[in-house]
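Quick look at my_file_3.pdb (PDB, C-alpha atoms, pLDDT in the B column):
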```
ATOM      1  CA  MET A   1     -72.697 -21.797  25.680  1.00 53.00           C
ATOM      2  CA  PRO A   2     -69.871 -20.398  23.496  1.00 61.00           C
ATOM      3  CA  ARG A   3     -68.582 -16.978  24.437  1.00 69.00           C
ATOM      4  CA  ALA A   4     -69.770 -13.996  22.380  1.00 79.00           C
ATOM      5  CA  PHE A   5     -66.948 -12.194  20.579  1.00 86.00           C
ATOM      6  CA  SER A   6     -66.828  -8.682  19.180  1.00 90.00           C
ATOM      7  CA  GLU A   7     -66.483  -8.296  15.419  1.00 92.00           C
ATOM      8  CA  ARG A   8     -62.836  -7.326  15.801  1.00 93.00           C
ATOM      9  CA  GLU A   9     -62.164 -10.359  17.991  1.00 94.00           C
ATOM     10  CA  ARG A  10     -63.941 -12.620  15.519  1.00 94.00           C
ATOM     11  CA  GLN A  11     -61.747 -11.388  12.694  1.00 95.00           C
ATOM     12  CA  ARG A  12     -58.555 -12.011  14.648  1.00 96.00           C
ATOM     13  CA  ILE A  13     -59.660 -15.424  15.876  1.00 96.00           C
ATOM     14  CA  ARG A  14     -60.701 -16.467  12.377  1.00 97.00           C
ATOM     15  CA  GLU A  15     -57.255 -15.507  11.082  1.00 97.00           C
ATOM     16  CA  ARG A  16     -55.632 -17.563  13.856  1.00 97.00           C
ATOM     17  CA  LEU A  17     -57.830 -20.544  13.011  1.00 97.00           C
ATOM     18  CA  ILE A  18     -56.908 -20.339   9.326  1.00 97.00           C
ATOM     19  CA  THR A  19     -53.208 -20.070  10.194  1.00 97.00           C
ATOM     20  CA  ALA A  20     -53.528 -23.070  12.494  1.00 97.00           C
ATOM     21  CA  GLY A  21     -55.336 -25.027   9.769  1.00 97.00           C
ATOM     22  CA  LYS A  22     -52.522 -24.382   7.294  1.00 97.00           C
ATOM     23  CA  ARG A  23     -49.879 -25.470   9.760  1.00 96.00           C
ATOM     24  CA  LEU A  24     -51.751 -28.619  10.751  1.00 96.00           C
ATOM     25  CA  ILE A  25     -52.409 -29.646   7.141  1.00 96.00           C
ATOM     26  CA  ASN A  26     -48.752 -29.100   6.228  1.00 95.00           C
ATOM     27  CA  THR A  27     -47.375 -30.968   9.233  1.00 95.00           C
ATOM     28  CA  MET A  28     -49.963 -33.671   9.900  1.00 93.00           C
ATOM     29  CA  GLY A  29     -51.908 -34.034   6.660  1.00 92.00           C
ATOM     30  CA  LEU A  30     -55.561 -33.404   5.919  1.00 93.00           C
ATOM     31  CA  ARG A  31     -56.756 -36.751   7.222  1.00 91.00           C
ATOM     32  CA  ARG A  32     -55.365 -36.098  10.709  1.00 92.00           C
ATOM     33  CA  LEU A  33     -56.659 -32.538  10.938  1.00 94.00           C
ATOM     34  CA  ILE A  34     -58.855 -32.241  14.061  1.00 94.00           C
ATOM     35  CA  VAL A  35     -60.829 -29.099  14.794  1.00 95.00           C
ATOM     36  CA  ASP A  36     -59.963 -29.405  18.500  1.00 96.00           C
ATOM     37  CA  ASP A  37     -56.290 -28.823  17.648  1.00 96.00           C
ATOM     38  CA  ALA A  38     -57.060 -25.787  15.499  1.00 97.00           C
ATOM     39  CA  ALA A  39     -59.315 -24.339  18.205  1.00 96.00           C
ATOM     40  CA  ARG A  40     -56.643 -24.926  20.859  1.00 96.00           C
ATOM     41  CA  GLU A  41     -54.004 -23.121  18.787  1.00 96.00           C
ATOM     42  CA  ALA A  42     -56.379 -20.209  18.222  1.00 96.00           C
ATOM     43  CA  GLY A  43     -57.114 -19.996  21.943  1.00 94.00           C
ATOM     44  CA  ILE A  44     -60.814 -20.885  21.835  1.00 95.00           C
ATOM     45  CA  SER A  45     -62.976 -23.842  22.802  1.00 93.00           C
ATOM     46  CA  LYS A  46     -64.319 -26.450  20.412  1.00 91.00           C
ATOM     47  CA  GLY A  47     -67.820 -25.085  20.971  1.00 90.00           C
ATOM     48  CA  SER A  48     -66.674 -21.600  19.969  1.00 94.00           C
ATOM     49  CA  PHE A  49     -65.002 -23.040  16.870  1.00 96.00           C
ATOM     50  CA  TYR A  50     -68.393 -23.914  15.399  1.00 94.00           C
ATOM     51  CA  SER A  51     -69.532 -20.311  15.722  1.00 94.00           C
ATOM     52  CA  PHE A  52     -66.888 -19.519  13.080  1.00 96.00           C
ATOM     53  CA  PHE A  53     -67.276 -22.538  10.804  1.00 96.00           C
ATOM     54  CA  PRO A  54     -70.379 -24.751  10.600  1.00 95.00           C
ATOM     55  CA  SER A  55     -68.352 -27.909   9.897  1.00 96.00           C
ATOM     56  CA  ARG A  56     -64.864 -29.340   9.569  1.00 96.00           C
ATOM     57  CA  GLU A  57     -65.326 -29.398   5.778  1.00 97.00           C
ATOM     58  CA  ASP A  58     -66.255 -25.713   5.679  1.00 97.00           C
ATOM     59  CA  PHE A  59     -63.159 -24.937   7.753  1.00 97.00           C
ATOM     60  CA  ILE A  60     -60.927 -26.897   5.382  1.00 97.00           C
ATOM     61  CA  LEU A  61     -62.408 -25.152   2.334  1.00 97.00           C
ATOM     62  CA  SER A  62     -61.815 -21.794   4.036  1.00 97.00           C
ATOM     63  CA  VAL A  63     -58.159 -22.756   4.582  1.00 97.00           C
ATOM     64  CA  PHE A  64     -57.881 -23.701   0.898  1.00 95.00           C
ATOM     65  CA  GLU A  65     -59.512 -20.406  -0.094  1.00 95.00           C
ATOM     66  CA  SER A  66     -56.966 -18.515   1.999  1.00 96.00           C
ATOM     67  CA  TRP A  67     -54.122 -20.306   0.218  1.00 94.00           C
ATOM     68  CA  GLU A  68     -55.840 -19.591  -3.090  1.00 92.00           C
ATOM     69  CA  ALA A  69     -56.167 -15.875  -2.335  1.00 90.00           C
ATOM     70  CA  GLU A  70     -52.534 -15.762  -1.232  1.00 90.00           C
ATOM     71  CA  TYR A  71     -51.088 -17.324  -4.373  1.00 92.00           C
ATOM     72  CA  ARG A  72     -53.620 -16.676  -7.144  1.00 89.00           C
ATOM     73  CA  GLY A  73     -52.945 -12.942  -7.412  1.00 88.00           C
ATOM     74  CA  ALA A  74     -49.203 -13.520  -7.773  1.00 89.00           C
ATOM     75  CA  LEU A  75     -49.767 -16.182 -10.437  1.00 89.00           C
ATOM     76  CA  ILE A  76     -52.117 -13.948 -12.411  1.00 91.00           C
ATOM     77  CA  ARG A  77     -49.575 -11.124 -12.295  1.00 89.00           C
ATOM     78  CA  GLN A  78     -46.982 -13.502 -13.772  1.00 87.00           C
ATOM     79  CA  ILE A  79     -48.937 -13.237 -17.033  1.00 91.00           C
ATOM     80  CA  THR A  80     -50.441  -9.756 -16.759  1.00 91.00           C
ATOM     81  CA  GLU A  81     -47.383  -7.840 -15.580  1.00 90.00           C
ATOM     82  CA  GLY A  82     -44.483 -10.281 -15.956  1.00 89.00           C
ATOM     83  CA  ALA A  83     -41.419  -9.693 -18.098  1.00 91.00           C
ATOM     84  CA  GLY A  84     -40.696 -11.580 -21.304  1.00 92.00           C
ATOM     85  CA  THR A  85     -42.787 -12.909 -24.164  1.00 93.00           C
ATOM     86  CA  PRO A  86     -46.330 -14.210 -23.657  1.00 93.00           C
ATOM     87  CA  ARG A  87     -44.973 -17.761 -23.939  1.00 93.00           C
ATOM     88  CA  GLU A  88     -42.410 -17.141 -21.196  1.00 94.00           C
ATOM     89  CA  ARG A  89     -45.026 -15.586 -18.925  1.00 93.00           C
ATOM     90  CA  VAL A  90     -47.479 -18.456 -19.359  1.00 91.00           C
ATOM     91  CA  GLU A  91     -44.714 -20.984 -18.742  1.00 93.00           C
ATOM     92  CA  ARG A  92     -43.790 -19.231 -15.481  1.00 92.00           C
ATOM     93  CA  PHE A  93     -47.474 -19.254 -14.514  1.00 90.00           C
ATOM     94  CA  PHE A  94     -47.676 -23.045 -14.757  1.00 90.00           C
ATOM     95  CA  LEU A  95     -44.341 -23.589 -13.040  1.00 91.00           C
ATOM     96  CA  GLY A  96     -45.407 -21.194 -10.287  1.00 90.00           C
ATOM     97  CA  ALA A  97     -48.600 -23.189  -9.734  1.00 87.00           C
ATOM     98  CA  LEU A  98     -46.514 -26.335  -9.264  1.00 86.00           C
ATOM     99  CA  GLU A  99     -44.132 -24.584  -6.874  1.00 88.00           C
ATOM    100  CA  ILE A 100     -47.053 -23.910  -4.517  1.00 87.00           C
ATOM    101  CA  LEU A 101     -47.147 -27.596  -3.671  1.00 83.00           C
ATOM    102  CA  GLU A 102     -43.480 -27.481  -2.706  1.00 84.00           C
ATOM    103  CA  ARG A 103     -44.112 -24.543  -0.364  1.00 89.00           C
ATOM    104  CA  GLU A 104     -47.263 -26.105   1.079  1.00 91.00           C
ATOM    105  CA  PRO A 105     -46.438 -29.839   1.335  1.00 88.00           C
ATOM    106  CA  GLY A 106     -49.796 -30.674   2.893  1.00 90.00           C
ATOM    107  CA  LEU A 107     -51.512 -29.839  -0.386  1.00 87.00           C
ATOM    108  CA  ALA A 108     -49.311 -32.292  -2.262  1.00 83.00           C
ATOM    109  CA  ARG A 109     -50.386 -35.134   0.029  1.00 85.00           C
ATOM    110  CA  ILE A 110     -54.127 -34.654  -0.423  1.00 88.00           C
ATOM    111  CA  THR A 111     -55.851 -37.519  -2.226  1.00 85.00           C
ATOM    112  CA  MET A 112     -58.807 -37.358  -4.580  1.00 84.00           C
ATOM    113  CA  ARG A 113     -60.810 -39.396  -2.063  1.00 90.00           C
ATOM    114  CA  GLU A 114     -60.208 -36.738   0.585  1.00 92.00           C
ATOM    115  CA  ILE A 115     -61.240 -33.984  -1.817  1.00 91.00           C
ATOM    116  CA  GLU A 116     -64.436 -35.839  -2.673  1.00 93.00           C
ATOM    117  CA  ALA A 117     -65.213 -36.306   1.032  1.00 93.00           C
ATOM    118  CA  ILE A 118     -64.825 -32.573   1.641  1.00 95.00           C
ATOM    119  CA  ILE A 119     -67.154 -31.717  -1.244  1.00 94.00           C
ATOM    120  CA  GLN A 120     -69.763 -34.192  -0.030  1.00 95.00           C
ATOM    121  CA  GLY A 121     -69.638 -32.700   3.468  1.00 95.00           C
ATOM    122  CA  LEU A 122     -70.228 -29.137   2.279  1.00 96.00           C
ATOM    123  CA  ALA A 123     -73.604 -27.460   1.894  1.00 94.00           C
ATOM    124  CA  PRO A 124     -74.410 -27.214  -1.857  1.00 95.00           C
ATOM    125  CA  GLU A 125     -74.804 -23.435  -1.680  1.00 96.00           C
ATOM    126  CA  ARG A 126     -71.352 -23.130  -0.074  1.00 95.00           C
ATOM    127  CA  MET A 127     -69.741 -25.040  -2.910  1.00 95.00           C
ATOM    128  CA  ARG A 128     -71.657 -23.040  -5.515  1.00 95.00           C
ATOM    129  CA  ALA A 129     -70.503 -19.775  -3.949  1.00 96.00           C
ATOM    130  CA  HIS A 130     -66.891 -20.970  -3.964  1.00 94.00           C
ATOM    131  CA  GLN A 131     -67.087 -21.997  -7.627  1.00 91.00           C
ATOM    132  CA  ALA A 132     -68.785 -18.718  -8.570  1.00 93.00           C
ATOM    133  CA  VAL A 133     -65.899 -16.696  -7.126  1.00 92.00           C
ATOM    134  CA  ASP A 134     -63.332 -18.900  -8.896  1.00 89.00           C
ATOM    135  CA  ASN A 135     -65.147 -18.583 -12.217  1.00 86.00           C
ATOM    136  CA  ARG A 136     -65.506 -14.808 -11.922  1.00 90.00           C
ATOM    137  CA  VAL A 137     -61.835 -14.201 -11.075  1.00 90.00           C
ATOM    138  CA  LEU A 138     -60.586 -16.522 -13.817  1.00 86.00           C
ATOM    139  CA  GLU A 139     -63.006 -15.172 -16.413  1.00 87.00           C
ATOM    140  CA  GLU A 140     -61.846 -11.615 -15.741  1.00 90.00           C
ATOM    141  CA  ALA A 141     -58.216 -12.711 -16.051  1.00 90.00           C
ATOM    142  CA  PHE A 142     -58.827 -14.689 -19.273  1.00 89.00           C
ATOM    143  CA  THR A 143     -60.708 -11.795 -20.863  1.00 88.00           C
ATOM    144  CA  ARG A 144     -57.905  -9.393 -20.055  1.00 90.00           C
ATOM    145  CA  TRP A 145     -55.170 -11.752 -21.229  1.00 90.00           C
ATOM    146  CA  ALA A 146     -56.923 -12.454 -24.520  1.00 89.00           C
ATOM    147  CA  GLY A 147     -57.606  -8.747 -25.031  1.00 89.00           C
ATOM    148  CA  ASP A 148     -53.942  -7.930 -24.437  1.00 89.00           C
ATOM    149  CA  GLY A 149     -52.853 -10.667 -26.864  1.00 89.00           C
ATOM    150  CA  LEU A 150     -51.296 -12.787 -24.108  1.00 90.00           C
ATOM    151  CA  LEU A 151     -53.604 -15.781 -24.528  1.00 88.00           C
ATOM    152  CA  VAL A 152     -55.025 -17.409 -27.652  1.00 88.00           C
ATOM    153  CA  PRO A 153     -58.756 -16.525 -27.758  1.00 84.00           C
ATOM    154  CA  GLY A 154     -61.164 -19.415 -27.297  1.00 82.00           C
ATOM    155  CA  LEU A 155     -58.933 -21.433 -24.955  1.00 81.00           C
ATOM    156  CA  ALA A 156     -60.306 -20.088 -21.663  1.00 76.00           C
ATOM    157  CA  ASN A 157     -62.172 -23.288 -20.816  1.00 77.00           C
ATOM    158  CA  ALA A 158     -59.116 -25.408 -21.515  1.00 82.00           C
ATOM    159  CA  PHE A 159     -56.900 -23.096 -19.458  1.00 79.00           C
ATOM    160  CA  ARG A 160     -59.325 -23.328 -16.542  1.00 79.00           C
ATOM    161  CA  GLY A 161     -58.806 -27.082 -16.383  1.00 83.00           C
ATOM    162  CA  LEU A 162     -55.040 -27.067 -16.820  1.00 85.00           C
ATOM    163  CA  VAL A 163     -54.076 -25.935 -13.320  1.00 79.00           C
ATOM    164  CA  PRO A 164     -56.104 -28.710 -11.603  1.00 82.00           C
ATOM    165  CA  ALA A 165     -54.558 -31.155 -14.076  1.00 86.00           C
ATOM    166  CA  LEU A 166     -51.063 -29.988 -13.133  1.00 84.00           C
ATOM    167  CA  PHE A 167     -51.924 -30.279  -9.455  1.00 81.00           C
ATOM    168  CA  SER A 168     -52.986 -33.869 -10.088  1.00 83.00           C
ATOM    169  CA  ILE A 169     -49.615 -34.547 -11.704  1.00 86.00           C
ATOM    170  CA  ALA A 170     -47.787 -32.956  -8.789  1.00 82.00           C
ATOM    171  CA  MET A 171     -49.769 -35.030  -6.293  1.00 80.00           C
ATOM    172  CA  HIS A 172     -48.210 -38.125  -7.914  1.00 83.00           C
ATOM    173  CA  ARG A 173     -44.631 -36.854  -8.027  1.00 84.00           C
ATOM    174  CA  GLU A 174     -43.482 -39.799  -5.902  1.00 85.00           C
ATOM    175  CA  ASP A 175     -44.524 -42.118  -8.743  1.00 89.00           C
ATOM    176  CA  PHE A 176     -42.047 -40.506 -11.172  1.00 92.00           C
ATOM    177  CA  PRO A 177     -38.714 -42.248 -11.778  1.00 95.00           C
ATOM    178  CA  PRO A 178     -35.890 -40.664  -9.749  1.00 94.00           C
ATOM    179  CA  GLY A 179     -34.719 -37.375 -11.185  1.00 94.00           C
ATOM    180  CA  SER A 180     -37.457 -37.163 -13.823  1.00 95.00           C
ATOM    181  CA  TYR A 181     -40.160 -35.082 -12.137  1.00 92.00           C
ATOM    182  CA  GLN A 182     -38.654 -31.596 -12.494  1.00 91.00           C
ATOM    183  CA  PRO A 183     -37.552 -32.037 -16.129  1.00 94.00           C
ATOM    184  CA  ALA A 184     -40.959 -33.540 -16.968  1.00 94.00           C
ATOM    185  CA  VAL A 185     -43.034 -30.708 -15.488  1.00 91.00           C
ATOM    186  CA  LYS A 186     -40.701 -28.125 -17.049  1.00 93.00           C
ATOM    187  CA  LEU A 187     -41.312 -29.724 -20.447  1.00 95.00           C
ATOM    188  CA  ILE A 188     -45.078 -29.884 -19.857  1.00 93.00           C
ATOM    189  CA  ALA A 189     -45.212 -26.213 -18.854  1.00 92.00           C
ATOM    190  CA  GLU A 190     -43.167 -25.203 -21.897  1.00 94.00           C
ATOM    191  CA  ALA A 191     -45.309 -27.246 -24.285  1.00 94.00           C
ATOM    192  CA  LEU A 192     -48.554 -25.850 -22.861  1.00 91.00           C
ATOM    193  CA  ALA A 193     -47.239 -22.306 -23.067  1.00 92.00           C
ATOM    194  CA  MET A 194     -46.258 -22.783 -26.706  1.00 93.00           C
ATOM    195  CA  ARG A 195     -49.823 -23.864 -27.514  1.00 91.00           C
ATOM    196  CA  ILE A 196     -51.928 -21.342 -25.635  1.00 90.00           C
ATOM    197  CA  ALA A 197     -49.809 -18.188 -25.358  1.00 89.00           C
ATOM    198  CA  GLY A 198     -50.772 -15.390 -27.710  1.00 81.00           C
ATOM    199  CA  GLY A 199     -48.485 -13.007 -29.546  1.00 66.00           C
ATOM    200  CA  LYS A 200     -45.330 -13.837 -31.461  1.00 47.00           C
ATOM    201  CA  HIS A 201     -43.135 -16.621 -30.163  1.00 43.00           C
ATOM    202  CA  ASP A 202     -39.424 -16.174 -29.868  1.00 45.00           C
ATOM    203  CA  LYS A 203     -37.014 -17.519 -32.465  1.00 43.00           C
ATOM    204  CA  ARG A 204     -36.558 -20.801 -30.608  1.00 44.00           C
ATOM    205  CA  HIS A 205     -40.259 -21.609 -30.953  1.00 43.00           C
ATOM    206  CA  ASN A 206     -41.456 -20.117 -34.213  1.00 43.00           C
ATOM    207  CA  ASN A 207     -44.084 -21.786 -36.363  1.00 44.00           C
ATOM    208  CA  ALA A 208     -41.719 -23.316 -38.860  1.00 42.00           C
ATOM    209  CA  GLY A 209     -41.399 -27.073 -38.569  1.00 40.00           C
ATOM    210  CA  PRO A 210     -38.043 -28.829 -38.419  1.00 39.00           C
ATOM    211  CA  VAL A 211     -38.238 -29.895 -42.067  1.00 40.00           C
ATOM    212  CA  GLN A 212     -38.920 -26.328 -43.217  1.00 41.00           C
ATOM    213  CA  LYS A 213     -36.020 -25.006 -41.146  1.00 41.00           C
ATOM    214  CA  LEU A 214     -33.564 -27.439 -42.707  1.00 41.00           C
ATOM    215  CA  ARG A 215     -34.859 -27.188 -46.266  1.00 45.00           C
ATOM    216  CA  PRO A 216     -32.508 -25.032 -48.429  1.00 48.00           C
ATOM    217  CA  ARG A 217     -34.005 -22.136 -50.355  1.00 49.00           C
ATOM    218  CA  GLN A 218     -34.817 -22.924 -53.959  1.00 48.00           C
ATOM    219  CA  ARG A 219     -32.876 -20.997 -56.546  1.00 48.00           C
ATOM    220  CA  ARG A 220     -34.792 -18.638 -58.736  1.00 50.00           C
ATOM    221  CA  ARG A 221     -35.156 -19.684 -62.364  1.00 52.00           C
ATOM    222  CA  GLY A 222     -33.221 -17.841 -64.998  1.00 50.00           C
ATOM    223  CA  ARG A 223     -30.048 -17.445 -62.990  1.00 47.00           C
TER     224      ARG A 223
END
```
Could you spell out this file's structure in structure tokens?
Amino acid sequence: MPRAFSERERQRIRERLITAGKRLINTMGLRRLIVDDAAREAGISKGSFYSFFPSREDFILSVFESWEAEYRGALIRQITEGAGTPRERVERFFLGALEILEREPGLARITMREIEAIIQGLAPERMRAHQAVDNRVLEEAFTRWAGDGLLVPGLANAFRGLVPALFSIAMHREDFPPGSYQPAVKLIAEALAMRIAGGKHDKRHNNAGPVQKLRPRQRRRGR
């Protein structure tokens, strides 16, 4: 029978398990993650592990949620409190999201098949709770950004899908021709920011098209 832990002990052990999960995913990959290894690093038995997480899939989602909590606040502040124009802030937001995969290489190696397997192994109510938190946090951020003129109103749904789309691109970075990945994602982030950022754009990206910029001013009649 697994040992009973105090609430304080449970909190510390859970933190150690999450830390172990991050390290194992980054070094070994999601497919090779074994709960026995995480339990061993946290100093508990496999039986005790399941008193913290009901399944391997729930543990993995909890690790992802910890990464999300760690990075999401900083990304949101890039737009809310960052320096520069709205376009520059939004561009840094997207580039920052892509940089997460460079800091956490295990995330970049995850396949869509592995993600689908995790979702299928989770209790439906667990997945709904996770999505509800994501939607609430993002909706609050979108509402604030639009109200402050940082985001074009009406594009919240599109914005919500852009970060997963960028993650999908980053997961295939090895398929890019040599030397093309960084310039490509920089261009994508800049183009997206130009489309969805609110406020006035800087002089390099105003609304005038190239033909209008080059067209000479017509002389007034009567002169």
Spatial sel., origin (-65.5, -21.2, 19.5), limit 12 Å, only C-alpha atoms, listed as a PyMOL selection string: chain A and resi 1-5+9-10+13-14+16-17+35-36+38-54
Next, the residues of the selection above should be written as a compact mmCIF listing (two decimals), keeping the file's coordinate frame with C-alpha atoms.
```txt
# COMPACT_ATOMS: atom_id res chain seq x y z
CA MET A 1 -72.70 -21.80 25.68
CA PRO A 2 -69.87 -20.40 23.50
CA ARG A 3 -68.58 -16.98 24.44
CA ALA A 4 -69.77 -14.00 22.38
CA PHE A 5 -66.95 -12.19 20.58
CA GLU A 9 -62.16 -10.36 17.99
CA ARG A 10 -63.94 -12.62 15.52
CA ILE A 13 -59.66 -15.42 15.88
CA ARG A 14 -60.70 -16.47 12.38
CA ARG A 16 -55.63 -17.56 13.86
CA LEU A 17 -57.83 -20.54 13.01
CA VAL A 35 -60.83 -29.10 14.79
CA ASP A 36 -59.96 -29.40 18.50
CA ALA A 38 -57.06 -25.79 15.50
CA ALA A 39 -59.32 -24.34 18.20
CA ARG A 40 -56.64 -24.93 20.86
CA GLU A 41 -54.00 -23.12 18.79
CA ALA A 42 -56.38 -20.21 18.22
CA GLY A 43 -57.11 -20.00 21.94
CA ILE A 44 -60.81 -20.88 21.84
CA SER A 45 -62.98 -23.84 22.80
CA LYS A 46 -64.32 -26.45 20.41
CA GLY A 47 -67.82 -25.08 20.97
CA SER A 48 -66.67 -21.60 19.97
CA PHE A 49 -65.00 -23.04 16.87
CA TYR A 50 -68.39 -23.91 15.40
CA SER A 51 -69.53 -20.31 15.72
CA PHE A 52 -66.89 -19.52 13.08
CA PHE A 53 -67.28 -22.54 10.80
CA PRO A 54 -70.38 -24.75 10.60
```
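From CA of Val185 in chain A back to CA of Met112 in chain A, the distance works out to 20.3 Å.
Our summary of the geometry notes that CA of Pro86 in chain A is positioned 7.5 Å from CA of Leu151 in chain A.
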Using only C-alpha atoms: which of A:Met127, A:Asp37, A:Glu102, A:Phe142 has the shortest distance to Gln182 in chain A: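 Closest to Gln182 in chain A of all the choices is A:Glu102.
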Straight-line distance linking CA of Ile118 in chain A with CA of Ala170 in chain A, stated in Å to one decimal: 20.0 Å
Expected residue set, 12 Å radius at (-58.3, -18.1, 1.6), all atoms listed in the file, as number ranges by chain: A: 14-15, 17-19, 21-22, 58-73, 130, 133-134
Expansion of the PyMOL selection byres ((chain A and resi 94) around 10) into residues, as a ChimeraX atom specification: /A:75,78,89-93,95-99,162-163,166-167,185-186,188-190,192-193
A:Glu7, A:Glu81, A:Glu57, A:Glu116 ranked by distance to Asp148 in chain A, top pick (using all atoms listed in the file):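 Looking only at the distances to Asp148 in chain A, the closest residue turns out to be A:Glu81.
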Among listed residues A:Ser55, A:Ser168, A:Asn157, A:Thr111, nearest Leu138 in chain A (using all atoms listed in the file):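 For Leu138 in chain A, the nearest of the given residues is A:Asn157.
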Counting only C-alpha atoms, the residue of A:Gly154, A:Glu125, A:Ile169, A:Phe176 that sits nearest Leu101 in chain A: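 Closest residue, counting only C-alpha atoms: A:Ile169.
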Quick one: residues within 9 Å of Val152 in chain A, all atoms listed in the file counted, chain neighbours fewer than 6 positions away excluded, as a tab-separated table (two decimals) with C-alpha atoms, in the coordinates of the input?
```tsv
chain	number	residue	atom	x	y	z
A	145	TRP	CA	-55.17	-11.75	-21.23
A	146	ALA	CA	-56.92	-12.45	-24.52
A	195	ARG	CA	-49.82	-23.86	-27.51
A	196	ILE	CA	-51.93	-21.34	-25.64
A	197	ALA	CA	-49.81	-18.19	-25.36
A	198	GLY	CA	-50.77	-15.39	-27.71
A	199	GLY	CA	-48.48	-13.01	-29.55
```
Residue nearest Arg87 in chain A among A:Ala191, A:Tyr181, A:Asn26, A:Glu139 (counting all atoms listed in the file):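 Distance minimum relative to Arg87 in chain A lands on A:Ala191.
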